[in-house]
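Encoded as structure tokens, the structure appears first; notes follow it.
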Amino acid sequence: MAFKRVLLKLSGEALMGELGYGIDPAIVQSIATDVAAVVASGTELAIVVGGGNIFRGLKGSSAGMDRATADYVGMLATVMNAITLQDALERAGVPTRVQTAIGMQEVAEPYIRRRAIRHLEKGRVVVFGAGCGNPFFTTDTTAALRAAEINADVVFKATKVDGVYDKDPAHYPDAVRYESLTFQDVLSGELAVMDSTAIALCKDNAIPIVVFDLFGAGNIGRAVAGEPIGTRITPAR
């Protein structure tokens, strides 16, 4: 494998597959199968999962909810996804721990950096839930923050598209996919990859980002192996 320790960011929307809401068990099991193969290869893997398949804070806020309150509800949605992933991973034979930034000791461990690193060293997958524990921050920012904290070699963002495009490929058939970008390209071009705080965090800590299609069988393993997949974002070309 090209990377020893990786942070995988999963969007909540990806977990619902073709469903309009909630969690598609087939998608979750497919992710668990791919992750099991990666862990078996010796790679240490942590996961940050979003909650947009259940509740999105910004959407709640736009509907009139207090923004902080809406974000906390969104954090709880990520915990539901994290526990679901844990169940699927352990059924696939992968020891897994869920750590949350909001205390809920009956279902998960509190986030403790040193404990998370120790779990990874022992070959366990760590799933980080509840974002970073604060409103006004996205799970993309959480992924960048946790990657820096655990000294990850790379952030993998697994999404419903196969990379970063110059415009939305769902609406523009002539959209062009980038094979590689710099952090400055993303920030100056305002490309819709991750929010600017997440990009800046990865830039400041020299952590590359790879954006790829989650739904291709074995794509997580291909990304970890360093194969040319999706779009790679690095400090310099």
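Just remember, in the structure tokens the first chain shown is A, the second B, etc., residues are 1-based per chain, and ligands are 1-based in the order shown.
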If you count only C-alpha atoms, which residues fall within 12 Å of A:Asn205, apart from same-chain ones fewer than 6 positions away, as a list in words?
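Residues near the query, excluding close chain neighbours: Ala144, Leu145, Arg146, Ala147, Ala148, Glu149, Ile150, Asn151, Ala152, Asp153, Val154, Val155, Phe183, Ala198, Ile199, Thr234 and Pro235 of chain A.
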Find the nearest atom pair between each residue of stretch 14-102 of chain A and stretch 110-114 of chain A for residues within 6 Å, count only C-alpha atoms, give distances in Å to one decimal, sort rows by chain and ascending number, and present the table as JSON lines.
```
{"residue": "A:Gln99", "atom": "CA", "partner": "A:Tyr111", "partner_atom": "CA", "distance": 4.8}
{"residue": "A:Thr100", "atom": "CA", "partner": "A:Pro110", "partner_atom": "CA", "distance": 5.1}
{"residue": "A:Ala101", "atom": "CA", "partner": "A:Tyr111", "partner_atom": "CA", "distance": 5.4}
```
One decimal, in Å: what's the spacing between atom CA of A:Gly60 and atom CA of A:Ala158?
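Interatomic distance, atom CA of A:Gly60 to atom CA of A:Ala158: 24.3 Å.
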Considering only C-alpha atoms, can you say which of A:Ile31, A:Met104, A:Thr139, A:Glu179 comes closest to A:Arg56?
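Looking only at the distances to A:Arg56, the closest residue turns out to be A:Thr139.
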So the first atom is atom CA of A:Ser30 and the second is atom CA of A:Pro95; what is the distance between them in Å, to one decimal place?
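Separation of atom CA of A:Ser30 and atom CA of A:Pro95: 16.6 Å.
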Taking into account only C-alpha atoms, which residue in the set A:Arg5, A:Ala37, A:Met16, A:Ile220 is nearest to A:His119?
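So, comparing all the options, the nearest one is A:Arg5.
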To test your reading of the structure, identify every residue in stretch 82-140 of chain A that backbone DSSP assigns to alpha helix (DSSP H), and report it as a list in words.
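DSSP-assigned alpha helix (DSSP H) residues in stretch 82-140 of chain A: Ala82, Ile83, Thr84, Leu85, Gln86, Asp87, Ala88, Leu89, Glu90, Arg91, Arg113, Arg114, Arg115, Ala116, Ile117, Arg118, His119, Leu120, Glu121, Thr139 and Asp140 of chain A.
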Selection near A:Leu10, 7 Å with only C-alpha atoms, sequence-local residues under 2 positions removed, as a VMD selection string:
chain A and resid 8 12 48 to 50 157 to 159
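The nearest approach to A:Asn81 among the residues A:Glu18, A:Asp174, A:Asp140, A:Asp24, with only C-alpha atoms taken into account, belongs to A:Asp24.
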Provide the atom CA of A:Phe215 to atom CA of A:Gly133 distance in Å, to one decimal place.
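Between atom CA of A:Phe215 and atom CA of A:Gly133 the gap is 28.8 Å.
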Go through A:Asp71, A:Asp34, A:Asp162, A:Glu44 and flag the residue nearest A:Val6, using only C-alpha atoms for the distances.
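Looking only at the distances to A:Val6, the closest residue turns out to be A:Glu44.
Within stretch 22-106 of chain A, residues classed as strand (DSSP E) by DSSP on backbone coordinates are Glu44, Leu45, Ala46, Ile47, Val48, Val49, Thr96, Arg97, Val98, Gln99 and Thr100 of chain A.
With only C-alpha atoms taken into account, the protein and nucleic acid residues at most 9 Å from A:Thr141 (excluding it and anything under 5 positions from it in its own chain) are Gly131, Cys132, Arg146, Met194, Asp195, Ser196, Thr197, Ala198, Ile199 and Leu201 of chain A.
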Please write the residues from the selection above to a file, keeping all heavy atoms, as a CSV table (one decimal), in the first residue's frame.
```
chain,number,residue,atom,x,y,z
A,131,GLY,N,-19.1,15.1,14.2
A,131,GLY,CA,-18.2,16.1,13.7
A,131,GLY,C,-17.1,16.5,14.6
A,131,GLY,O,-16.5,15.6,15.2
A,132,CYS,N,-16.8,17.8,14.7
A,132,CYS,CA,-15.8,18.2,15.7
A,132,CYS,C,-16.4,18.7,17.0
A,132,CYS,O,-15.6,19.1,17.9
A,132,CYS,CB,-14.9,19.3,15.1
A,132,CYS,SG,-15.7,20.8,14.7
A,146,ARG,N,-9.1,15.9,12.0
A,146,ARG,CA,-8.7,14.6,12.5
A,146,ARG,C,-7.5,14.0,11.8
A,146,ARG,O,-6.7,13.4,12.4
A,146,ARG,CB,-9.9,13.6,12.5
A,146,ARG,CG,-11.1,14.0,13.3
A,146,ARG,CD,-10.8,13.8,14.8
A,146,ARG,NE,-12.0,14.1,15.6
A,146,ARG,CZ,-12.2,15.2,16.3
A,146,ARG,NH1,-11.2,16.2,16.4
A,146,ARG,NH2,-13.3,15.4,17.0
A,194,MET,N,-14.1,20.6,-1.0
A,194,MET,CA,-14.4,20.7,0.4
A,194,MET,C,-14.5,22.1,0.8
A,194,MET,O,-14.1,23.0,0.0
A,194,MET,CB,-13.3,20.0,1.2
A,194,MET,CG,-13.0,18.6,0.8
A,194,MET,SD,-11.5,17.9,1.6
A,194,MET,CE,-12.2,17.0,3.0
A,195,ASP,N,-15.0,22.5,1.9
A,195,ASP,CA,-15.1,23.9,2.3
A,195,ASP,C,-13.7,24.4,2.5
A,195,ASP,O,-12.7,23.7,2.7
A,195,ASP,CB,-16.0,24.1,3.5
A,195,ASP,CG,-15.4,23.4,4.7
A,195,ASP,OD1,-14.5,24.1,5.4
A,195,ASP,OD2,-15.8,22.3,5.1
A,196,SER,N,-13.6,25.8,2.4
A,196,SER,CA,-12.3,26.4,2.4
A,196,SER,C,-11.5,26.2,3.6
A,196,SER,O,-10.2,26.1,3.6
A,196,SER,CB,-12.4,27.9,2.1
A,196,SER,OG,-13.2,28.5,3.1
A,197,THR,N,-12.2,26.0,4.8
A,197,THR,CA,-11.5,25.7,6.0
A,197,THR,C,-10.8,24.4,6.0
A,197,THR,O,-9.6,24.2,6.4
A,197,THR,CB,-12.5,25.8,7.2
A,197,THR,OG1,-13.2,27.0,7.2
A,197,THR,CG2,-11.7,25.6,8.5
A,198,ALA,N,-11.5,23.4,5.4
A,198,ALA,CA,-10.9,22.0,5.3
A,198,ALA,C,-9.7,22.1,4.4
A,198,ALA,O,-8.6,21.5,4.7
A,198,ALA,CB,-11.9,21.1,4.8
A,199,ILE,N,-9.8,22.8,3.3
A,199,ILE,CA,-8.7,22.8,2.3
A,199,ILE,C,-7.5,23.6,2.9
A,199,ILE,O,-6.3,23.1,2.8
A,199,ILE,CB,-9.1,23.6,1.0
A,199,ILE,CG1,-10.2,22.8,0.3
A,199,ILE,CG2,-7.9,23.9,0.1
A,199,ILE,CD1,-9.8,21.5,-0.3
A,201,LEU,N,-6.7,23.8,6.1
A,201,LEU,CA,-6.1,22.9,7.1
A,201,LEU,C,-5.2,21.9,6.5
A,201,LEU,O,-4.1,21.6,7.0
A,201,LEU,CB,-7.2,22.2,7.9
A,201,LEU,CG,-7.7,22.8,9.2
A,201,LEU,CD1,-8.9,22.1,9.8
A,201,LEU,CD2,-6.6,22.8,10.3
```
Contacts of A:Leu191 within 9 Å, only C-alpha atoms, excl. fewer than 5 positions in-chain, as a PyMOL selection string:
chain A and resi 164-167+185-186
Using only all heavy atoms, please write the residues we just selected to a file, as an mmCIF file, in the first residue's frame.
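For reference, again35.cif as written:
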```cif
data_model
loop_
_atom_site.group_PDB
_atom_site.id
_atom_site.type_symbol
_atom_site.label_atom_id
_atom_site.label_comp_id
_atom_site.auth_asym_id
_atom_site.auth_seq_id
_atom_site.Cartn_x
_atom_site.Cartn_y
_atom_site.Cartn_z
ATOM 1 N N VAL A 164 -12.882 15.817 -9.192
ATOM 2 C CA VAL A 164 -13.220 17.242 -9.153
ATOM 3 C C VAL A 164 -13.359 17.746 -10.584
ATOM 4 O O VAL A 164 -12.500 17.488 -11.431
ATOM 5 C CB VAL A 164 -12.122 18.049 -8.422
ATOM 6 C CG1 VAL A 164 -12.498 19.523 -8.365
ATOM 7 C CG2 VAL A 164 -11.897 17.495 -7.019
ATOM 8 N N TYR A 165 -14.431 18.468 -10.851
ATOM 9 C CA TYR A 165 -14.703 18.997 -12.183
ATOM 10 C C TYR A 165 -14.682 20.532 -12.168
ATOM 11 O O TYR A 165 -14.845 21.159 -11.120
ATOM 12 C CB TYR A 165 -16.077 18.523 -12.662
ATOM 13 C CG TYR A 165 -16.116 17.073 -13.086
ATOM 14 C CD1 TYR A 165 -16.168 16.054 -12.135
ATOM 15 C CD2 TYR A 165 -16.103 16.715 -14.436
ATOM 16 C CE1 TYR A 165 -16.198 14.717 -12.524
ATOM 17 C CE2 TYR A 165 -16.145 15.381 -14.835
ATOM 18 C CZ TYR A 165 -16.191 14.393 -13.873
ATOM 19 O OH TYR A 165 -16.221 13.070 -14.251
ATOM 20 N N ASP A 166 -14.532 21.101 -13.353
ATOM 21 C CA ASP A 166 -14.536 22.564 -13.451
ATOM 22 C C ASP A 166 -15.933 23.139 -13.257
ATOM 23 O O ASP A 166 -16.099 24.318 -12.939
ATOM 24 C CB ASP A 166 -13.939 23.028 -14.785
ATOM 25 C CG ASP A 166 -14.710 22.504 -15.994
ATOM 26 O OD1 ASP A 166 -15.521 21.561 -15.837
ATOM 27 O OD2 ASP A 166 -14.487 23.046 -17.094
ATOM 28 N N LYS A 167 -16.955 22.290 -13.436
ATOM 29 C CA LYS A 167 -18.342 22.666 -13.139
ATOM 30 C C LYS A 167 -19.133 21.394 -12.875
ATOM 31 O O LYS A 167 -18.628 20.283 -13.098
ATOM 32 C CB LYS A 167 -18.948 23.485 -14.279
ATOM 33 C CG LYS A 167 -18.745 22.907 -15.669
ATOM 34 C CD LYS A 167 -19.129 23.920 -16.731
ATOM 35 C CE LYS A 167 -18.721 23.444 -18.120
ATOM 36 N NZ LYS A 167 -19.000 24.460 -19.160
ATOM 37 N N ASP A 185 -5.024 26.098 -6.326
ATOM 38 C CA ASP A 185 -5.980 26.008 -7.438
ATOM 39 C C ASP A 185 -7.409 25.917 -6.901
ATOM 40 O O ASP A 185 -8.325 26.581 -7.399
ATOM 41 C CB ASP A 185 -5.710 24.763 -8.295
ATOM 42 C CG ASP A 185 -4.426 24.854 -9.096
ATOM 43 O OD1 ASP A 185 -3.984 25.976 -9.387
ATOM 44 O OD2 ASP A 185 -3.865 23.784 -9.409
ATOM 45 N N VAL A 186 -7.583 25.089 -5.887
ATOM 46 C CA VAL A 186 -8.912 24.863 -5.327
ATOM 47 C C VAL A 186 -9.431 26.126 -4.652
ATOM 48 O O VAL A 186 -10.583 26.533 -4.835
ATOM 49 C CB VAL A 186 -8.892 23.687 -4.331
ATOM 50 C CG1 VAL A 186 -10.250 23.535 -3.643
ATOM 51 C CG2 VAL A 186 -8.515 22.395 -5.033
#
```
Could you check the closest approach to A:Leu120 for each of A:Gln105, A:Thr43, A:Ser188, A:Thr182 and tell me which residue wins, using only C-alpha atoms?
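Result for the nearest residue to A:Leu120: A:Thr43.
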All residues 12 Å or closer to stretch 51-53 of chain A, only C-alpha atoms, same chain fewer than 5 positions away omitted, as a compact mmCIF listing (two decimals) with C-alpha atoms, in the first residue's frame:
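Result written to out.txt:
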```txt
# COMPACT_ATOMS: atom_id res chain seq x y z
CA LYS A 9 -14.20 10.89 4.49
CA LEU A 10 -17.59 9.44 3.57
CA SER A 11 -20.49 11.71 2.70
CA GLY A 12 -23.80 10.92 4.34
CA GLU A 13 -25.54 11.17 0.97
CA ALA A 14 -23.37 8.36 -0.36
CA LEU A 15 -24.71 6.00 2.30
CA MET A 16 -28.28 6.30 1.05
CA GLY A 17 -27.38 5.12 -2.46
CA GLU A 18 -30.44 5.46 -4.70
CA LEU A 19 -32.79 5.88 -1.75
CA GLY A 20 -34.28 9.28 -1.09
CA TYR A 21 -33.48 9.16 2.61
CA GLY A 22 -31.69 7.05 5.21
CA ILE A 23 -29.17 4.26 4.82
CA ASP A 24 -28.91 1.65 2.07
CA LEU A 58 -27.57 24.08 6.71
CA LYS A 59 -30.87 22.84 5.33
CA GLY A 60 -32.46 22.99 8.78
CA ALA A 70 -29.52 22.59 13.43
CA ASP A 71 -25.82 21.77 13.37
CA TYR A 72 -26.09 19.81 16.62
CA VAL A 73 -28.94 17.76 15.13
CA GLY A 74 -26.73 17.11 12.12
CA MET A 75 -23.94 15.93 14.44
CA LEU A 76 -26.30 13.39 15.99
CA ALA A 77 -27.14 12.14 12.50
CA THR A 78 -23.46 11.43 11.88
CA VAL A 79 -23.37 9.28 15.02
CA MET A 80 -26.21 7.14 13.66
CA ASN A 81 -24.19 6.62 10.49
CA ALA A 82 -21.02 5.90 12.46
CA ILE A 83 -22.69 3.18 14.54
CA THR A 84 -24.20 1.66 11.40
CA PHE A 128 -15.26 9.60 14.19
CA GLY A 129 -18.83 10.76 14.80
CA ALA A 130 -20.51 14.03 15.84
CA GLY A 131 -18.23 16.14 13.68
CA THR A 138 -18.59 20.86 8.44
CA THR A 139 -17.61 17.21 8.53
CA ASP A 140 -15.13 18.03 5.74
```
